[in-house]
file entry35.cif (mmCIF, C-alpha atoms)
data_coords
loop_
_atom_site.label_atom_id
_atom_site.label_comp_id
_atom_site.auth_asym_id
_atom_site.auth_seq_id
_atom_site.Cartn_x
_atom_site.Cartn_y
_atom_site.Cartn_z
CA MET A 1 0.32 -5.48 31.15
CA ALA A 2 -2.46 -4.60 33.53
CA GLU A 3 -1.99 -5.99 37.02
CA GLN A 4 -5.61 -7.02 37.68
CA CYS A 5 -6.72 -7.91 34.13
CA ILE A 6 -7.81 -11.54 33.85
CA PHE A 7 -6.50 -11.88 30.30
CA CYS A 8 -3.13 -10.37 31.30
CA LYS A 9 -3.02 -12.93 34.12
CA ILE A 10 -3.65 -15.68 31.57
CA VAL A 11 -0.85 -14.28 29.37
CA ARG A 12 1.49 -14.25 32.39
CA GLY A 13 0.53 -17.85 33.23
CA GLU A 14 -1.02 -16.89 36.58
CA ILE A 15 -4.38 -18.32 35.51
CA PRO A 16 -4.40 -21.57 33.51
CA ASN A 17 -5.88 -21.69 30.01
CA THR A 18 -6.50 -24.22 27.26
CA THR A 19 -4.30 -22.79 24.53
CA LEU A 20 -5.24 -23.16 20.88
CA TYR A 21 -2.63 -20.88 19.38
CA GLU A 22 0.23 -18.70 20.51
CA ASP A 23 2.84 -16.51 18.87
CA GLU A 24 4.93 -13.53 19.92
CA SER A 25 2.02 -11.11 20.17
CA VAL A 26 -1.18 -13.21 20.07
CA LEU A 27 -2.76 -15.82 22.34
CA SER A 28 -5.88 -17.89 21.72
CA PHE A 29 -7.59 -20.19 24.19
CA LEU A 30 -10.96 -21.85 24.72
CA ASP A 31 -13.64 -19.85 26.54
CA ILE A 32 -14.42 -21.51 29.88
CA ALA A 33 -18.04 -20.30 29.67
CA PRO A 34 -18.60 -21.24 26.03
CA ALA A 35 -21.60 -20.32 23.90
CA ALA A 36 -20.89 -23.53 21.97
CA LYS A 37 -18.36 -26.36 21.94
CA GLY A 38 -15.03 -25.02 20.68
CA HIS A 39 -15.81 -21.35 21.45
CA ALA A 40 -12.43 -19.62 21.26
CA ILE A 41 -11.07 -16.26 22.39
CA VAL A 42 -8.25 -14.49 20.57
CA ILE A 43 -6.33 -11.66 22.25
CA PRO A 44 -3.23 -9.54 21.75
CA LYS A 45 -0.78 -10.39 24.55
CA LYS A 46 -0.30 -6.73 25.32
CA HIS A 47 -3.06 -4.99 27.21
CA TYR A 48 -5.29 -2.74 25.10
CA GLN A 49 -8.78 -1.92 26.25
CA THR A 50 -10.76 -1.82 23.03
CA LEU A 51 -10.39 -2.40 19.30
CA LEU A 52 -9.74 1.31 18.91
CA ASP A 53 -6.56 1.04 20.99
CA LEU A 54 -5.04 -1.86 19.04
CA PRO A 55 -2.11 -0.85 16.77
CA HIS A 56 -2.35 -1.96 13.11
CA GLU A 57 0.46 -4.48 13.41
CA GLU A 58 -1.17 -6.29 16.30
CA LEU A 59 -4.62 -6.06 14.71
CA LYS A 60 -3.14 -7.88 11.70
CA GLY A 61 -1.68 -10.62 13.90
CA VAL A 62 -4.90 -11.09 15.85
CA MET A 63 -7.07 -11.29 12.73
CA GLU A 64 -4.78 -13.73 10.96
CA ALA A 65 -4.95 -15.89 14.08
CA VAL A 66 -8.77 -15.61 14.04
CA GLN A 67 -8.77 -16.92 10.45
CA LYS A 68 -6.35 -19.73 11.26
CA ILE A 69 -8.26 -20.92 14.33
CA ALA A 70 -11.68 -20.62 12.67
CA ALA A 71 -10.47 -22.62 9.66
CA ALA A 72 -9.16 -25.39 11.90
CA THR A 73 -12.34 -25.37 14.01
CA MET A 74 -14.52 -25.79 10.91
CA VAL A 75 -12.76 -29.02 9.93
CA ALA A 76 -11.83 -30.34 13.39
CA LEU A 77 -15.08 -30.21 15.32
CA PRO A 78 -17.92 -32.53 14.34
CA GLY A 79 -21.12 -30.84 13.19
CA VAL A 80 -19.72 -27.31 12.87
CA GLN A 81 -21.29 -25.61 9.83
CA GLY A 82 -20.33 -21.98 10.34
CA PHE A 83 -19.02 -19.50 12.86
CA ASN A 84 -19.53 -15.99 14.20
CA VAL A 85 -16.77 -13.58 15.07
CA VAL A 86 -17.96 -11.22 17.81
CA GLN A 87 -16.00 -8.40 19.38
CA SER A 88 -17.46 -6.03 22.00
CA ASN A 89 -16.19 -2.63 23.06
CA ASN A 90 -17.09 -0.91 26.33
CA GLU A 91 -19.63 -1.92 28.93
CA ALA A 92 -22.54 -0.60 26.86
CA ALA A 93 -21.67 -3.21 24.22
CA GLY A 94 -21.38 -6.03 26.75
CA GLN A 95 -17.59 -6.00 27.14
CA VAL A 96 -16.90 -7.67 30.48
CA ILE A 97 -13.10 -8.00 30.46
CA PRO A 98 -11.48 -4.70 29.47
CA HIS A 99 -8.76 -6.31 27.32
CA VAL A 100 -9.65 -6.33 23.62
CA HIS A 101 -10.72 -9.84 22.52
CA PHE A 102 -12.39 -11.62 19.62
CA HIS A 103 -14.83 -14.48 20.12
CA ILE A 104 -14.97 -17.27 17.55
CA ILE A 105 -18.26 -19.10 18.06
CA PRO A 106 -18.79 -22.34 16.13
CA ARG A 107 -22.35 -22.72 14.80
CA GLN A 108 -24.66 -25.51 13.76
CA LYS A 109 -28.01 -25.18 12.02
CA GLU A 110 -29.91 -26.69 14.90
CA ASP A 111 -28.19 -24.79 17.71
CA ARG A 112 -30.16 -22.38 19.86
CA LEU A 113 -27.81 -19.46 19.64
CA ASN A 114 -29.21 -16.18 18.46
CA ILE A 115 -26.33 -13.88 17.60
CA ALA A 116 -28.52 -11.58 15.58
CA TRP A 117 -30.91 -8.65 15.79
CA GLU A 118 -34.29 -7.59 14.47
CA PRO A 119 -33.76 -5.79 11.15
CA GLY A 120 -34.64 -2.14 11.72
CA LYS A 121 -36.06 0.45 9.39
CA SER A 122 -34.30 3.44 7.86
CA GLU A 123 -35.05 6.47 5.73
CA ALA A 124 -32.63 7.54 3.01
CA GLU A 125 -32.50 11.09 4.41
CA GLU A 126 -31.68 9.86 7.88
CA LEU A 127 -28.94 7.55 6.63
CA LYS A 128 -27.46 10.43 4.68
CA LYS A 129 -27.46 12.59 7.82
CA TYR A 130 -25.69 9.90 9.88
CA ALA A 131 -23.15 9.29 7.12
CA GLU A 132 -22.29 12.99 7.02
CA LEU A 133 -21.82 13.06 10.79
CA VAL A 134 -19.55 10.02 10.78
CA LYS A 135 -17.55 11.11 7.74
CA GLY A 136 -17.02 14.48 9.39
CA LYS A 137 -15.17 12.80 12.28
CA MET A 138 -13.17 10.30 10.23
CA LYS A 139 -9.38 10.54 10.49
CA MET B 1 -17.30 -10.01 -8.82
CA ALA B 2 -20.34 -12.21 -8.50
CA GLU B 3 -23.13 -11.32 -10.90
CA GLN B 4 -26.07 -11.73 -8.52
CA CYS B 5 -24.41 -10.74 -5.22
CA ILE B 6 -26.10 -7.71 -3.64
CA PHE B 7 -22.84 -6.37 -2.21
CA CYS B 8 -21.09 -6.76 -5.59
CA LYS B 9 -24.00 -4.81 -7.12
CA ILE B 10 -23.43 -2.07 -4.54
CA VAL B 11 -19.70 -2.04 -5.36
CA ARG B 12 -20.55 -1.75 -9.08
CA GLY B 13 -22.98 1.10 -8.35
CA GLU B 14 -26.02 -0.86 -9.56
CA ILE B 15 -27.68 -0.52 -6.14
CA PRO B 16 -27.36 2.78 -4.29
CA ASN B 17 -25.67 2.96 -0.89
CA THR B 18 -24.88 5.53 1.78
CA THR B 19 -21.10 5.40 1.72
CA LEU B 20 -19.09 6.00 4.88
CA TYR B 21 -15.67 5.06 3.57
CA GLU B 22 -14.09 3.84 0.38
CA ASP B 23 -10.60 3.00 -0.82
CA GLU B 24 -9.13 0.79 -3.53
CA SER B 25 -10.15 -2.49 -1.95
CA VAL B 26 -12.67 -1.65 0.80
CA LEU B 27 -16.18 -0.16 0.90
CA SER B 28 -18.25 0.78 3.93
CA PHE B 29 -21.86 1.92 3.95
CA LEU B 30 -24.78 2.19 6.36
CA ASP B 31 -26.98 -0.89 6.80
CA ILE B 32 -30.48 -0.16 5.45
CA ALA B 33 -32.01 -2.50 8.05
CA PRO B 34 -29.99 -1.23 11.01
CA ALA B 35 -29.84 -2.79 14.47
CA ALA B 36 -29.12 0.75 15.73
CA LYS B 37 -28.60 4.24 14.34
CA GLY B 38 -25.28 4.36 12.51
CA HIS B 39 -25.04 0.58 11.98
CA ALA B 40 -22.32 0.18 9.35
CA ILE B 41 -21.20 -2.62 7.06
CA VAL B 42 -17.60 -3.00 5.89
CA ILE B 43 -16.74 -5.23 2.92
CA PRO B 44 -13.85 -6.01 0.62
CA LYS B 45 -14.75 -4.83 -2.87
CA LYS B 46 -13.79 -8.17 -4.33
CA HIS B 47 -16.17 -11.05 -3.82
CA TYR B 48 -15.14 -13.56 -1.16
CA GLN B 49 -17.73 -15.72 0.52
CA THR B 50 -16.47 -15.97 4.09
CA LEU B 51 -13.72 -14.71 6.35
CA LEU B 52 -11.75 -17.86 5.53
CA ASP B 53 -11.53 -16.83 1.87
CA LEU B 54 -10.23 -13.30 2.51
CA PRO B 55 -6.51 -12.85 1.68
CA HIS B 56 -4.33 -11.32 4.43
CA GLU B 57 -3.79 -8.07 2.57
CA GLU B 58 -7.51 -7.43 2.18
CA LEU B 59 -8.26 -8.58 5.72
CA LYS B 60 -5.82 -5.91 6.90
CA GLY B 61 -7.52 -3.23 4.82
CA VAL B 62 -10.99 -4.22 5.97
CA MET B 63 -10.03 -4.28 9.66
CA GLU B 64 -8.24 -0.94 9.54
CA ALA B 65 -11.40 0.50 7.96
CA VAL B 66 -13.49 -1.08 10.75
CA GLN B 67 -11.30 0.70 13.32
CA LYS B 68 -11.46 4.00 11.47
CA ILE B 69 -15.25 3.95 11.05
CA ALA B 70 -15.91 2.75 14.61
CA ALA B 71 -13.67 5.50 16.01
CA ALA B 72 -15.53 8.17 14.02
CA THR B 73 -18.92 6.69 14.97
CA MET B 74 -18.04 6.82 18.67
CA VAL B 75 -17.43 10.56 18.56
CA ALA B 76 -19.90 11.56 15.82
CA LEU B 77 -23.16 9.99 16.91
CA PRO B 78 -24.91 11.31 20.02
CA GLY B 79 -25.32 8.83 22.85
CA VAL B 80 -23.05 6.11 21.47
CA GLN B 81 -21.14 4.48 24.34
CA GLY B 82 -19.69 1.39 22.71
CA PHE B 83 -19.93 -0.88 19.69
CA ASN B 84 -19.99 -4.49 18.62
CA VAL B 85 -18.20 -5.92 15.63
CA VAL B 86 -20.08 -8.96 14.33
CA GLN B 87 -19.12 -11.14 11.41
CA SER B 88 -21.07 -14.25 10.37
CA ASN B 89 -19.94 -17.12 8.19
CA ASN B 90 -22.28 -19.56 6.42
CA GLU B 91 -26.02 -19.93 6.74
CA ALA B 92 -25.72 -21.82 10.03
CA ALA B 93 -24.18 -18.67 11.55
CA GLY B 94 -26.85 -16.37 10.13
CA GLN B 95 -24.91 -15.16 7.08
CA VAL B 96 -27.55 -13.91 4.63
CA ILE B 97 -25.45 -12.28 1.90
CA PRO B 98 -22.64 -14.61 0.83
CA HIS B 99 -20.03 -11.84 0.51
CA VAL B 100 -17.82 -11.52 3.60
CA HIS B 101 -18.86 -8.48 5.68
CA PHE B 102 -18.32 -6.96 9.10
CA HIS B 103 -21.10 -5.23 11.03
CA ILE B 104 -20.25 -2.28 13.27
CA ILE B 105 -23.17 -1.82 15.65
CA PRO B 106 -23.20 1.31 17.85
CA ARG B 107 -24.41 0.63 21.38
CA GLN B 108 -25.96 2.59 24.23
CA LYS B 109 -26.50 1.39 27.78
CA GLU B 110 -30.26 1.65 27.51
CA ASP B 111 -30.67 0.05 24.10
CA ARG B 112 -32.56 -3.20 23.77
CA LEU B 113 -30.02 -5.05 21.70
CA ASN B 114 -28.83 -8.36 22.97
CA ILE B 115 -25.74 -9.36 21.05
CA ALA B 116 -24.71 -11.91 23.61
CA TRP B 117 -25.23 -15.48 24.75
CA GLU B 118 -25.84 -17.42 27.93
CA PRO B 119 -22.47 -18.37 29.45
CA GLY B 120 -22.16 -22.14 29.14
CA LYS B 121 -20.34 -24.66 31.30
CA SER B 122 -17.18 -26.55 30.52
CA GLU B 123 -15.01 -29.28 31.98
CA ALA B 124 -11.20 -28.99 31.84
CA GLU B 125 -10.94 -32.44 30.24
CA GLU B 126 -13.44 -31.60 27.55
CA LEU B 127 -11.73 -28.28 26.73
CA LYS B 128 -8.43 -30.12 26.45
CA LYS B 129 -9.99 -32.62 24.03
CA TYR B 130 -11.41 -29.84 21.82
CA ALA B 131 -8.12 -27.95 21.87
CA GLU B 132 -6.26 -31.08 20.70
CA LEU B 133 -8.73 -31.58 17.86
CA VAL B 134 -8.46 -27.95 16.69
CA LYS B 135 -4.68 -27.79 17.05
CA GLY B 136 -4.43 -30.99 15.02
CA LYS B 137 -6.05 -29.26 12.04
CA MET B 138 -4.26 -25.92 12.32
CA LYS B 139 -2.16 -24.92 9.32
#
call {"tool": "encode", "arguments": {"input": "entry35.cif", "output": "structure tokens"}}
result
Amino acid sequence: MAEQCIFCKIVRGEIPNTTLYEDESVLSFLDIAPAAKGHAIVIPKKHYQTLLDLPHEELKGVMEAVQKIAAATMVALPGVQGFNVVQSNNEAAGQVIPHVHFHIIPRQKEDRLNIAWEPGKSEAEELKKYAELVKGKMK
Amino acid sequence: MAEQCIFCKIVRGEIPNTTLYEDESVLSFLDIAPAAKGHAIVIPKKHYQTLLDLPHEELKGVMEAVQKIAAATMVALPGVQGFNVVQSNNEAAGQVIPHVHFHIIPRQKEDRLNIAWEPGKSEAEELKKYAELVKGKMK
């Protein structure tokens, strides 16, 4: 647990939340600044900063919860036709709260969300170079 | 395997790819229309349309590969300071290829990517109503 972490405070019950799901190691609640109705956050109860810090066992629990909550959201909320799972690591990626978390964002065809990017260009040689670099550091 | 699915064709070797990682059930390769240098895609080799269709065992394998590739990307590629994991389900969410896939997008503070959304507003009563609806459909 991290003393000042907002998500740890939610886990400890010091800040209220609207719980969707809870088990021994995972908590899910509705985002209070939602991108869309039903926008959920899923976290491990223990404090880990990024996805890279999350042990396999807890990653499994978190992802199974993501599936469970997304499945329920798809049938429970009127008009929902799809969803994005978004997870951001470090400030450069837009991570605001330094406690690893997954967003589940319900989508509708006519919504104005734009969780996307302009398709870039690539050269085969360049891709090959990047792949070699990454493979060289893989554990 | 789905006959016409582009990712299944990549798995079968009918379309070339720049492989980052491969095991019995998972394949990862560089996106040819990258949002950023080193943008990777991670898929189960078997064809499943969305995250909701992916069995637990394969979800585990895919997510452990996401961790492994992201960790290597963070140390291998110059300037990378963070990463987003993005996963889209159904057309309404921007899913183009109907074979479940995770994007790993390397980020830098000065990049121009905007994988984010405007924080919305919520009322406690409304959140409670949505939570009841979702919990009512959870299996």
call {"tool": "interface_residues", "arguments": {"input": "entry35.cif", "of": "chain A", "to": "chain B", "cutoff": "7 Å", "atoms": "only C-alpha atoms", "output": "MDAnalysis selection string"}}
result
chainID A and resid 18:20 30 32:35 38 51:52 56 60 64 67:69 71:73 76:77 81:90 92:93 107:109 113 115:122 127:128 130:131 133:135 137:139
call {"tool": "atom_distance", "arguments": {"input": "entry35.cif", "atom1": "atom CA of A:Glu58", "atom2": "atom CA of B:Pro98"}}
result
27.7 Å
call {"tool": "residues_around", "arguments": {"input": "entry35.cif", "residues": "B:Leu27", "least_positions_apart": "3", "cutoff": "7 Å", "atoms": "all atoms listed in the file", "output": "ChimeraX atom specification"}}
result
/B:21-23,42-45
call {"tool": "write_last_selection", "arguments": {"input": "entry35.cif", "atoms": "C-alpha atoms", "output": "mmCIF file, keeping the file's coordinate frame"}}
result
data_model
loop_
_atom_site.group_PDB
_atom_site.id
_atom_site.type_symbol
_atom_site.label_atom_id
_atom_site.label_comp_id
_atom_site.auth_asym_id
_atom_site.auth_seq_id
_atom_site.Cartn_x
_atom_site.Cartn_y
_atom_site.Cartn_z
ATOM 1 C CA TYR B 21 -15.670 5.060 3.570
ATOM 2 C CA GLU B 22 -14.090 3.840 0.380
ATOM 3 C CA ASP B 23 -10.600 3.000 -0.820
ATOM 4 C CA VAL B 42 -17.600 -3.000 5.890
ATOM 5 C CA ILE B 43 -16.740 -5.230 2.920
ATOM 6 C CA PRO B 44 -13.850 -6.010 0.620
ATOM 7 C CA LYS B 45 -14.750 -4.830 -2.870
#
call {"tool": "atom_distance", "arguments": {"input": "entry35.cif", "atom1": "atom CA of B:Glu3", "atom2": "atom CA of B:Ser25"}}
result
18.1 Å
call {"tool": "atom_distance", "arguments": {"input": "entry35.cif", "atom1": "atom CA of B:Ala2", "atom2": "atom CA of B:Ile97"}}
result
11.6 Å
call {"tool": "closest_residue", "arguments": {"input": "entry35.cif", "among": "B:Gly79, B:Ile15, B:Cys8, B:Ala65", "to": "B:Val100", "atoms": "all atoms listed in the file"}}
result
B:Cys8
call {"tool": "axis_aligned_box", "arguments": {"input": "entry35.cif", "around": "stretch 66-83 of chain A", "padding_each_side": "3 Å", "output": "AutoDock Vina command-line options"}}
result
--center_x -13.8 --center_y -24.1 --center_z 12.5 --size_x 20.9 --size_y 22.9 --size_z 11.7
